[in-house]
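Visitor: Here you go, one structure.
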Amino acid sequence: MPKTALEIQLKTLPNEPGVYQYYDSEGKILYVGKAKNLKKRVSSYFTKTHDSGKTRVLVKKIASIKHIVVNTETDALLLENNLIKKYRPRYNVLLKDDKSYPWICIKNERFPRVFSTRRVIKDGSEYFGPYTSMKTVSTLLDLIRGLFLLRTCTYDLSPEKISAGKYKVCLEYHLGNCKGPCEGLQTEASYQDNIASIKEILKGNFKTSLVQFKSQMKELAANMQFEEAQIIKEKIDVLENYQAKSTIVNPKISNVDVFSIMSDEGYGYINFLQISYGSIIRSHTLEIKKKLDETDKELLELAITEIRQRFDSNSKELYLPFEVDLGEELKITIPKLGDKKHILDLSLRNAKYYRMERFKQAKITDPDRHVNRIMAQMKSDLRLTEEPRHIECFDNSNIQGTHPVAACVVFRNGKPYKKDYRHFNIKTVEGPDDFASMEEVVFRRYKRLLDEEKSLPQLIIIDGGKGQLSSALKSLDALNLRGKIAIIGIAKRLEELFYPDDPIPLYLDKKSETLKIIQQLRNEAHRFGIEHHRNKRSKTALNTELETIPGIGEKTIVDLLKHFKSVKRVSEATKQELEALVGVARASKIYNYYHNL
C-alpha cells in the first residue's frame, strides 16, 4: 500500500530543533509549534491517544506539514512566537497586543529634553520602558523634574545659535525650573551630568544620584551656603522616600525578570515583574486563552518569549515557579526561600489579583463567559464527562425520627433555580432511617421526571457519606439511570466527595469555586428541608393538641385560634373567657382537658 504524502513528510522530518506548521486540505494554517526534536514532537501527534477532544480534531484536519530548522531552542521560541502573531492560527493561543505603551524619551539633541511618548522614533534618542501604566511614567517624570532642572522648549540649541543670541530665557527660567542653556547660562557638561543621573534613576539605580547630592550638600554647607544646602537636602529626602516606596526586596537583586502563572480551564494569567536594584521597574500581566488544553509549562514558555520581546528585556536571569525550556543563554532560578521566593510570591499574587479582577469584570460585561468558565472548571474538578449545567442536591430532615421529610434543590448554570425546588414527605419509611428515606425520594424524583419526559440533571449531589450515596444509587439502578447521570456524596465533616465504587474520597481546594458551589447547594438543600420540616412540625403540633380534645371539632378550633392567636393562650384562658366564645359545654371540655379535671 503506497504511503500518503503526510506519512512521507513524517518519515523525513529531521531530529533537530525547529518550528513546525500544520496545514489543512485547503492550505490554511492550523497550528504552529516548536520542538527540541522536530521528528519526535510531530510524530507524537499521530501516535499518541490524546485526551483533549480539540487536539483529536486538530490531528484529523492536518493534511500537510512544513518545518523550519533553527540552531537553538531560543531561536525556535522566537520564531514560533513571531509566526503565531503573523498568521494567528486557529489552534494556537492568541498573542495580540493592540495597546501602545508609554515610554520615557531622552531626546537625541544638545541639552536633551526628557518627556513621555507612545511613539518610538529611531533617531538616536534613548527610550526607557515601555511602562504598563501612565501613572508610573508621570510619577517618574515628577520625581526627575523635582530633582533636576531641565529645559522643556523645542529650540535647536546649537553652539552657533546660542553664541548669536538668537534665544531669550522664558518663564520657566524665571520660575526656577530651568537654568537657561538657551542663553548659555548652563554648560553642556553640567546638563549632561544631570542626564546621566536621570538614566541611572530610570534603570532603578538611586545610589549614584544620592551619593552625588550628598556630596553637593556637604560642600555647600562647608561654604556656609545653607539655603542651597537645604534645597539639596530636600531633594535627597524626595529621592530616599521614592526609593523606600519602590524597593521591595534586597537591592542586590538587579536586572532580573520574574514570571509566574495562574491558570484555570479556559485561560492562563502570566505575571511579569522586572527587578532593578531591588525595585520593580515594570509589571505586566498577560491573559492567554487556551486552545488545546495547553499546560502551564507551554503557556509560560510562550508568554516569557512574548513579554520579553514586547518590553525589550535583556535580563539574563529569570526567577520562575518551575523549570521551562528557554535555551542555554538564560539563567533559570527556581526560588525556594528568602528574598527571591518573596518576589516570586509577589508576582503570583499579582497574577491572582488580575484573574479575580477579570472575573468580576466578566460577571458584569460577559456573564456567559463567566458561567462557561465555572462550568468547565466544575467538569474538570469533579472528573465529569459533561458540564454540570443542571445540578440537583438532596437532603433529609428529621428530629429524633419524627416527621421525616426531604428536600431537592436545583441549580442551573451555577445559580439557584427556585422554581424547580421540591419538598418530599417520606411515605414508605417507618422511623428514623436516612438511607431508606434517601432511596425513596431519589426514586420518586427521577421516576416523575422520566414519566413526564423532562430533562435530567448532569449531576446529582447527595448530602451525606457513603451510606446515603449507596441508597441513592439503588434508586438510579432501579430506574436504569446508573451511568447516565453523575452522582456524588458530600460528607459534612471534612467536605469529602465520595464517588460510586471508589473508596477513596476526593478533596477539593478549600478556596476552589467548585467546592463553593457544592457547599452552596448543600446549604440551600439543608435550609429548604429544615423550613419544610419546621412547618410540618408546627402544623402537626397544632392539629394533634386541639383535635385530641373529645367533642371539639374543626370549626371550634378555628374560632379559638382566631381569637386567642395560639394554642398556649387557649390552654391559659379562664373558663369564663372560653364560655363567652364557644359556649358552656365546649368551654368545660377544653378547660377540664388543660386542667386535668
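For the C-alpha cells, the naming scheme is as follows: chains receive sequential letters (A, B, ...) according to their order of presentation, residues are indexed from 1 within each chain, and ligands are indexed from 1 in presentation order.
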Residues of range 402-453 of chain A in strand (DSSP E) according to DSSP, as number ranges by chain?
Guide: A: 402-412, 415-416, 422-425
Visitor: Skipping near chain neighbours, those fewer than 5 positions away, what residues fall within 9 Å of range 369-376 of chain A using only C-alpha atoms, listed as a PDB file with C-alpha atoms, in the first residue's frame?
Guide:
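The result, written out as result.pdb:
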ATOM      1  CA  ASP A 264      -7.928  27.702  35.020  1.00  0.00           C
ATOM      2  CA  GLU A 265      -9.746  25.609  32.432  1.00  0.00           C
ATOM      3  CA  GLY A 266     -10.007  28.337  29.814  1.00  0.00           C
ATOM      4  CA  TYR A 267      -7.275  30.904  30.436  1.00  0.00           C
ATOM      5  CA  PHE A 359     -13.754  37.505  36.765  1.00  0.00           C
ATOM      6  CA  LYS A 360     -15.517  40.492  38.343  1.00  0.00           C
ATOM      7  CA  ALA A 362     -16.698  39.269  33.148  1.00  0.00           C
ATOM      8  CA  LYS A 363     -19.647  38.852  35.536  1.00  0.00           C
ATOM      9  CA  ASP A 381     -12.515  19.322  39.126  1.00  0.00           C
ATOM     10  CA  GLU A 386     -20.028  16.823  30.561  1.00  0.00           C
ATOM     11  CA  GLU A 387     -20.533  20.248  32.096  1.00  0.00           C
ATOM     12  CA  PRO A 388     -22.952  20.213  35.078  1.00  0.00           C
ATOM     13  CA  ARG A 389     -25.350  22.866  33.761  1.00  0.00           C
ATOM     14  CA  ASN A 413     -25.624  27.324  35.356  1.00  0.00           C
ATOM     15  CA  GLY A 414     -24.256  27.547  38.885  1.00  0.00           C
ATOM     16  CA  GLU A 513     -15.136  27.792  43.128  1.00  0.00           C
ATOM     17  CA  THR A 514     -16.307  24.224  42.521  1.00  0.00           C
TER      18      THR A 514
END
Visitor: Give one line per residue of range 21-121 of chain A that approaches range 183-189 of chain A to at most 10 Å, naming the two atoms of the closest pair and their distance in Å to one decimal, counting only C-alpha atoms; sort by chain then ascending residue number and deliver it as a tab-separated table.
Guide:
residue	atom	partner	partner_atom	distance
A:Arg110	CA	A:Glu188	CA	7.4
A:Phe111	CA	A:Glu188	CA	6.4
A:Pro112	CA	A:Glu188	CA	9.8
Visitor: Which residue is closest to Asn92 in chain A? Choose from A:Ser455, A:Gln21, A:Asn205, A:Ser512 and count only C-alpha atoms.
Guide: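 Once distances to Asn92 in chain A are computed over only C-alpha atoms, the minimum belongs to A:Gln21.
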Visitor: Might you pull out every residue within 10 Å of range 466-480 of chain A, with only C-alpha atoms counted and same-chain residues fewer than 6 positions away left off, and present them as a PDB file with C-alpha atoms, in the first residue's frame?
Guide:
ATOM      1  CA  PHE A 394     -30.906  16.074  48.132  1.00  0.00           C
ATOM      2  CA  ASP A 395     -31.045  16.390  51.918  1.00  0.00           C
ATOM      3  CA  ASN A 396     -33.044  14.520  54.591  1.00  0.00           C
ATOM      4  CA  ASP A 434     -31.950   8.235  56.466  1.00  0.00           C
ATOM      5  CA  PHE A 435     -30.736   5.632  53.991  1.00  0.00           C
ATOM      6  CA  ALA A 436     -34.192   4.296  53.128  1.00  0.00           C
ATOM      7  CA  SER A 437     -35.595   7.846  53.015  1.00  0.00           C
ATOM      8  CA  MET A 438     -32.896   8.900  50.530  1.00  0.00           C
ATOM      9  CA  GLU A 439     -33.642   5.851  48.377  1.00  0.00           C
ATOM     10  CA  GLU A 440     -37.353   6.739  48.332  1.00  0.00           C
ATOM     11  CA  VAL A 441     -37.038  10.431  47.389  1.00  0.00           C
ATOM     12  CA  VAL A 442     -34.402   9.867  44.682  1.00  0.00           C
ATOM     13  CA  PHE A 443     -36.607   7.183  43.117  1.00  0.00           C
ATOM     14  CA  ARG A 444     -39.727   9.370  43.277  1.00  0.00           C
ATOM     15  CA  ARG A 445     -37.927  12.417  41.842  1.00  0.00           C
ATOM     16  CA  TYR A 446     -36.481  10.723  38.764  1.00  0.00           C
ATOM     17  CA  LYS A 447     -39.416   8.387  38.189  1.00  0.00           C
ATOM     18  CA  LEU A 450     -38.917  10.207  33.327  1.00  0.00           C
ATOM     19  CA  ILE A 460     -26.758  14.697  41.499  1.00  0.00           C
ATOM     20  CA  ILE A 487     -23.716  11.286  41.266  1.00  0.00           C
ATOM     21  CA  ILE A 488     -21.517  12.177  44.245  1.00  0.00           C
ATOM     22  CA  GLY A 489     -21.953  12.361  48.010  1.00  0.00           C
ATOM     23  CA  ILE A 490     -20.548  15.117  50.221  1.00  0.00           C
ATOM     24  CA  ALA A 491     -19.682  14.369  53.851  1.00  0.00           C
ATOM     25  CA  LEU A 497     -16.588  13.986  47.992  1.00  0.00           C
ATOM     26  CA  PHE A 498     -17.489  10.326  47.506  1.00  0.00           C
ATOM     27  CA  TYR A 499     -17.917   8.647  44.128  1.00  0.00           C
ATOM     28  CA  PRO A 500     -19.700   5.359  43.366  1.00  0.00           C
ATOM     29  CA  ASP A 501     -17.404   2.317  43.603  1.00  0.00           C
ATOM     30  CA  ASP A 502     -14.452   4.447  44.764  1.00  0.00           C
ATOM     31  CA  PRO A 503     -13.442   4.011  48.439  1.00  0.00           C
ATOM     32  CA  PRO A 505     -12.769  10.385  48.649  1.00  0.00           C
TER      33      PRO A 505
END
Visitor: Could you tell me, as a count of residues only, which residues of range 109-306 of chain A DSSP assigns to alpha helix (DSSP H) when given the backbone?
Guide: 86
Visitor: Find the residues around range 157-159 of chain A up to 9 Å (only C-alpha atoms counted), leave out those fewer than 2 positions away in its own chain, and share them as a list in words.
Guide: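 Listing them by chain and then by number gives Glu109, Arg110, Phe111, Thr154, Tyr155, Lys161, Ile162, Ser163, Ala164, Tyr167, Pro181, Cys182 and Gly184 of chain A.
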Visitor: Between A:Leu94, A:Leu79, A:Ile144, A:Val32, which residue has the minimum interatomic distance to Leu286 in chain A, considering only C-alpha atoms?
Guide: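 Among the listed residues, the smallest separation from Leu286 in chain A belongs to A:Leu94.
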Visitor: I'd like the neighbourhood of Leu459 in chain A as a PyMOL selection string, where a residue qualifies if any of its atoms comes within 7 Å (using only C-alpha atoms), though same-chain residues fewer than 3 positions away should be ignored.
Guide: chain A and resi 388+390-392+485-487
